[in-house]
Amino acid sequence: ERADMLYEERIERVKSHRMNGNTAFRGGDVPAAAREYEMSLSFLTDDMMMQLFGEYLEEAEGEKLPAHLNLCACYLKMERYHDAVDQAGRALGVDPENPKAFYRRGKARRALGQDDGARADLTKALAFSEGATDPAIERAIAELDGEERRKHA
């Protein structure tokens with residue numbers, strides 16, 4: 001059914017599911033939000049993306065990036081850390097310098113005990129942040145530093 005849909009129909013469904021996801025997330029229903037973001041992304045298949053160019057590709061990527069970032073945030077809250085790492089990686093595939101993607105992947109890697117990867121991601125998040133200062137990122141790095149000091153004490 002999706003393969004027969006026109007681009008405009010697909011992008012409307014993408015936007016609709018993403019907005020529903022935002023509403024569910026704000027309302028505290030994280031699993032429902034995750035399902036909406038997954039549905040949103042299901043309309044942006046690789047086959048479709050490869051056929052797009054110009055403003056159509058920009059619009060589709062403009063929908064894909066926040067859907068991956070939001071799904072990553074859901075997975076973090078749901079403690080699905082491997083899935084969060086995957087979604088952050090997909091977001092970075094669209095925007096390789098996205099500070100939110102690095103921050104969220106860093107948080108997920110920290111939860112998985114991948115401290116070196118977490119530090120690398122959090123450092124990149126800070127480097128790509130506007131104004132190069134972000135209290136949440138700095139706090140996450142400080143927490144990682146504190147953990148390492150406790151391990152070596």
# chains A, B, ... in the order shown; residues from 1 in each chain; ligands from 1
>>> residues_around(residues="Ser40 in chain A", least_positions_apart="2", cutoff="6 Å", atoms="only C-alpha atoms", output="list in words")
Val14, His17, Arg18, Tyr37, Glu38, Ser42 and Phe43 of chain A
>>> write_last_selection(atoms="C-alpha atoms", output="mmCIF file, in the first residue's frame")
data_model
loop_
_atom_site.group_PDB
_atom_site.id
_atom_site.type_symbol
_atom_site.label_atom_id
_atom_site.label_comp_id
_atom_site.auth_asym_id
_atom_site.auth_seq_id
_atom_site.Cartn_x
_atom_site.Cartn_y
_atom_site.Cartn_z
ATOM 1 C CA VAL A 14 5.018 11.169 8.288
ATOM 2 C CA HIS A 17 2.525 10.436 13.046
ATOM 3 C CA ARG A 18 5.402 12.626 14.259
ATOM 4 C CA TYR A 37 7.726 7.854 15.623
ATOM 5 C CA GLU A 38 8.301 4.296 14.342
ATOM 6 C CA SER A 42 8.106 3.582 8.206
ATOM 7 C CA PHE A 43 6.890 5.950 5.472
#
>>> residues_around(residues="Asp115 in chain A", least_positions_apart="5", cutoff="8 Å", atoms="only C-alpha atoms", output="MDAnalysis selection string")
chainID A and resid 109:110 144
>>> write_last_selection(atoms="N, CA, C and O atoms", output="mmCIF file, in the first residue's frame")
data_model
loop_
_atom_site.group_PDB
_atom_site.id
_atom_site.type_symbol
_atom_site.label_atom_id
_atom_site.label_comp_id
_atom_site.auth_asym_id
_atom_site.auth_seq_id
_atom_site.Cartn_x
_atom_site.Cartn_y
_atom_site.Cartn_z
ATOM 1 N N ARG A 109 25.171 5.245 25.684
ATOM 2 C CA ARG A 109 26.424 4.502 25.839
ATOM 3 C C ARG A 109 26.870 4.484 27.303
ATOM 4 O O ARG A 109 27.390 3.479 27.787
ATOM 5 N N ARG A 110 26.658 5.596 28.000
ATOM 6 C CA ARG A 110 27.005 5.637 29.425
ATOM 7 C C ARG A 110 26.180 4.600 30.183
ATOM 8 O O ARG A 110 26.692 3.868 31.022
ATOM 9 N N LEU A 144 30.289 11.464 34.339
ATOM 10 C CA LEU A 144 31.191 10.432 33.830
ATOM 11 C C LEU A 144 32.549 10.545 34.525
ATOM 12 O O LEU A 144 33.121 9.537 34.943
#
>>> atom_distance(atom1="CA of Lys124 in chain A", atom2="CA of Gly62 in chain A")
21.6 Å
>>> atom_distance(atom1="CA of Asn22 in chain A", atom2="CA of Glu79 in chain A")
18.8 Å
>>> closest_residue(among="A:Leu126, A:Met50, A:Met19, A:Ala111", to="Glu36 in chain A", atoms="only C-alpha atoms")
A:Met19
>>> closest_atom_pairs(of="range 16-86 of chain A", to="range 104-107 of chain A", cutoff="9 Å", atoms="only C-alpha atoms", output="JSON lines")
{"residue": "A:Leu69", "atom": "CA", "partner": "A:Arg104", "partner_atom": "CA", "distance": 8.2}
{"residue": "A:Cys72", "atom": "CA", "partner": "A:Arg104", "partner_atom": "CA", "distance": 7.1}
{"residue": "A:Ala73", "atom": "CA", "partner": "A:Arg104", "partner_atom": "CA", "distance": 7.0}
{"residue": "A:Leu76", "atom": "CA", "partner": "A:Arg104", "partner_atom": "CA", "distance": 7.7}
{"residue": "A:Tyr81", "atom": "CA", "partner": "A:Arg105", "partner_atom": "CA", "distance": 8.6}
{"residue": "A:Ala84", "atom": "CA", "partner": "A:Arg105", "partner_atom": "CA", "distance": 6.6}
{"residue": "A:Val85", "atom": "CA", "partner": "A:Arg105", "partner_atom": "CA", "distance": 5.0}
{"residue": "A:Asp86", "atom": "CA", "partner": "A:Arg105", "partner_atom": "CA", "distance": 8.2}
>>> write_last_selection(atoms="C-alpha atoms", output="CSV table (one decimal), in the first residue's frame")
chain,number,residue,atom,x,y,z
A,69,LEU,CA,16.0,12.0,17.6
A,72,CYS,CA,16.0,7.9,20.5
A,73,ALA,CA,14.6,10.0,23.4
A,76,LEU,CA,16.4,6.3,26.5
A,81,TYR,CA,19.8,1.7,25.3
A,84,ALA,CA,18.7,4.5,21.4
A,85,VAL,CA,22.3,4.2,20.2
A,86,ASP,CA,21.0,2.9,16.8
>>> residues_around(residues="range 134-137 of chain A", least_positions_apart="6", cutoff="9 Å", atoms="only C-alpha atoms", output="list in words")
Tyr103, Leu122, Thr123, Ala125 and Leu126 of chain A
>>> closest_residue(among="A:Ala67, A:Leu57, A:Ala3, A:Ala24", to="Leu41 in chain A", atoms="only C-alpha atoms")
A:Ala67
>>> residues_around(residues="Val30 in chain A", least_positions_apart="5", cutoff="8 Å", atoms="only C-alpha atoms", output="PyMOL selection string")
chain A and resi 24-25+74+77-78
>>> select_by_dssp(residues="chain A", states="alpha helix (DSSP H)", output="ChimeraX atom specification")
/A:7-26,30-42,46-51,54-77,81-94,99-111,115-128,135-152
>>> closest_residue(among="A:Leu44, A:Glu58, A:Ala32, A:Pro66", to="Met5 in chain A", atoms="only C-alpha atoms")
A:Leu44
>>> closest_residue(among="A:Lys151, A:Arg13, A:Arg90, A:Arg26", to="Glu61 in chain A", atoms="only C-alpha atoms")
A:Arg90
>>> atom_distance(atom1="CA of Gln87 in chain A", atom2="CA of Glu55 in chain A")
24.0 Å
>>> decode(residues="range 6-17 of chain A", atoms="all heavy atoms", output="compact mmCIF listing (two decimals), in the first residue's frame")
# COMPACT_ATOMS: atom_id res chain seq x y z
N LEU A 6 1.65 8.51 -3.25
CA LEU A 6 2.39 9.63 -3.79
C LEU A 6 3.27 10.24 -2.69
O LEU A 6 2.97 10.10 -1.50
CB LEU A 6 1.43 10.71 -4.31
CG LEU A 6 0.54 10.31 -5.48
CD1 LEU A 6 -0.51 11.39 -5.72
CD2 LEU A 6 1.39 10.08 -6.72
N TYR A 7 4.30 10.95 -3.10
CA TYR A 7 5.20 11.59 -2.14
C TYR A 7 4.42 12.45 -1.14
O TYR A 7 4.62 12.38 0.06
CB TYR A 7 6.26 12.44 -2.86
CG TYR A 7 7.05 13.31 -1.93
CD1 TYR A 7 8.11 12.78 -1.20
CD2 TYR A 7 6.70 14.64 -1.73
CE1 TYR A 7 8.82 13.57 -0.30
CE2 TYR A 7 7.41 15.44 -0.84
CZ TYR A 7 8.46 14.88 -0.12
OH TYR A 7 9.15 15.67 0.76
N GLU A 8 3.50 13.27 -1.67
CA GLU A 8 2.75 14.19 -0.81
C GLU A 8 1.94 13.45 0.24
O GLU A 8 1.84 13.90 1.39
CB GLU A 8 1.81 15.08 -1.66
CG GLU A 8 2.54 16.10 -2.52
CD GLU A 8 3.17 15.53 -3.80
OE1 GLU A 8 2.87 14.36 -4.15
OE2 GLU A 8 3.97 16.24 -4.43
N GLU A 9 1.36 12.31 -0.15
CA GLU A 9 0.59 11.50 0.81
C GLU A 9 1.51 10.94 1.90
O GLU A 9 1.17 10.98 3.09
CB GLU A 9 -0.10 10.33 0.10
CG GLU A 9 -1.18 10.73 -0.87
CD GLU A 9 -1.70 9.54 -1.66
OE1 GLU A 9 -0.89 8.87 -2.36
OE2 GLU A 9 -2.89 9.26 -1.57
N ARG A 10 2.64 10.44 1.48
CA ARG A 10 3.59 9.88 2.44
C ARG A 10 4.05 10.93 3.44
O ARG A 10 4.09 10.69 4.63
CB ARG A 10 4.83 9.32 1.72
CG ARG A 10 4.66 7.95 1.20
CD ARG A 10 5.99 7.50 0.60
NE ARG A 10 5.85 6.20 0.02
CZ ARG A 10 6.65 5.19 0.29
NH1 ARG A 10 7.64 5.32 1.12
NH2 ARG A 10 6.46 4.03 -0.29
N ILE A 11 4.45 12.09 2.95
CA ILE A 11 5.02 13.12 3.82
C ILE A 11 3.95 13.63 4.79
O ILE A 11 4.26 13.94 5.95
CB ILE A 11 5.71 14.24 3.01
CG1 ILE A 11 6.86 14.86 3.81
CG2 ILE A 11 4.76 15.30 2.57
CD1 ILE A 11 8.11 14.03 3.88
N GLU A 12 2.69 13.67 4.35
CA GLU A 12 1.61 14.06 5.27
C GLU A 12 1.45 13.04 6.38
O GLU A 12 1.25 13.40 7.54
CB GLU A 12 0.28 14.23 4.51
CG GLU A 12 0.17 15.57 3.81
CD GLU A 12 0.51 16.77 4.70
OE1 GLU A 12 -0.05 16.88 5.81
OE2 GLU A 12 1.37 17.58 4.29
N ARG A 13 1.55 11.75 6.05
CA ARG A 13 1.45 10.69 7.06
C ARG A 13 2.63 10.77 8.03
O ARG A 13 2.48 10.60 9.23
CB ARG A 13 1.40 9.31 6.39
CG ARG A 13 0.20 9.11 5.50
CD ARG A 13 -1.12 8.92 6.26
NE ARG A 13 -1.33 7.59 6.75
CZ ARG A 13 -1.71 6.56 6.01
NH1 ARG A 13 -1.92 6.70 4.71
NH2 ARG A 13 -1.89 5.38 6.55
N VAL A 14 3.80 11.03 7.47
CA VAL A 14 5.02 11.17 8.29
C VAL A 14 4.81 12.28 9.32
O VAL A 14 5.04 12.08 10.52
CB VAL A 14 6.24 11.50 7.39
CG1 VAL A 14 7.43 11.96 8.21
CG2 VAL A 14 6.62 10.29 6.54
N LYS A 15 4.37 13.44 8.84
CA LYS A 15 4.17 14.59 9.73
C LYS A 15 3.10 14.31 10.77
O LYS A 15 3.26 14.64 11.95
CB LYS A 15 3.80 15.84 8.91
CG LYS A 15 4.94 16.38 8.09
CD LYS A 15 4.50 17.55 7.22
CE LYS A 15 5.66 18.06 6.38
NZ LYS A 15 5.28 19.17 5.53
N SER A 16 2.03 13.69 10.34
CA SER A 16 0.91 13.39 11.24
C SER A 16 1.35 12.45 12.37
O SER A 16 1.06 12.71 13.55
CB SER A 16 -0.23 12.77 10.42
OG SER A 16 -1.22 12.26 11.28
N HIS A 17 2.06 11.38 12.01
CA HIS A 17 2.53 10.44 13.05
C HIS A 17 3.54 11.11 13.98
O HIS A 17 3.53 10.87 15.18
CB HIS A 17 3.13 9.18 12.41
CG HIS A 17 2.10 8.22 11.92
ND1 HIS A 17 1.26 7.54 12.76
CD2 HIS A 17 1.76 7.84 10.66
CE1 HIS A 17 0.46 6.76 12.06
NE2 HIS A 17 0.74 6.92 10.77
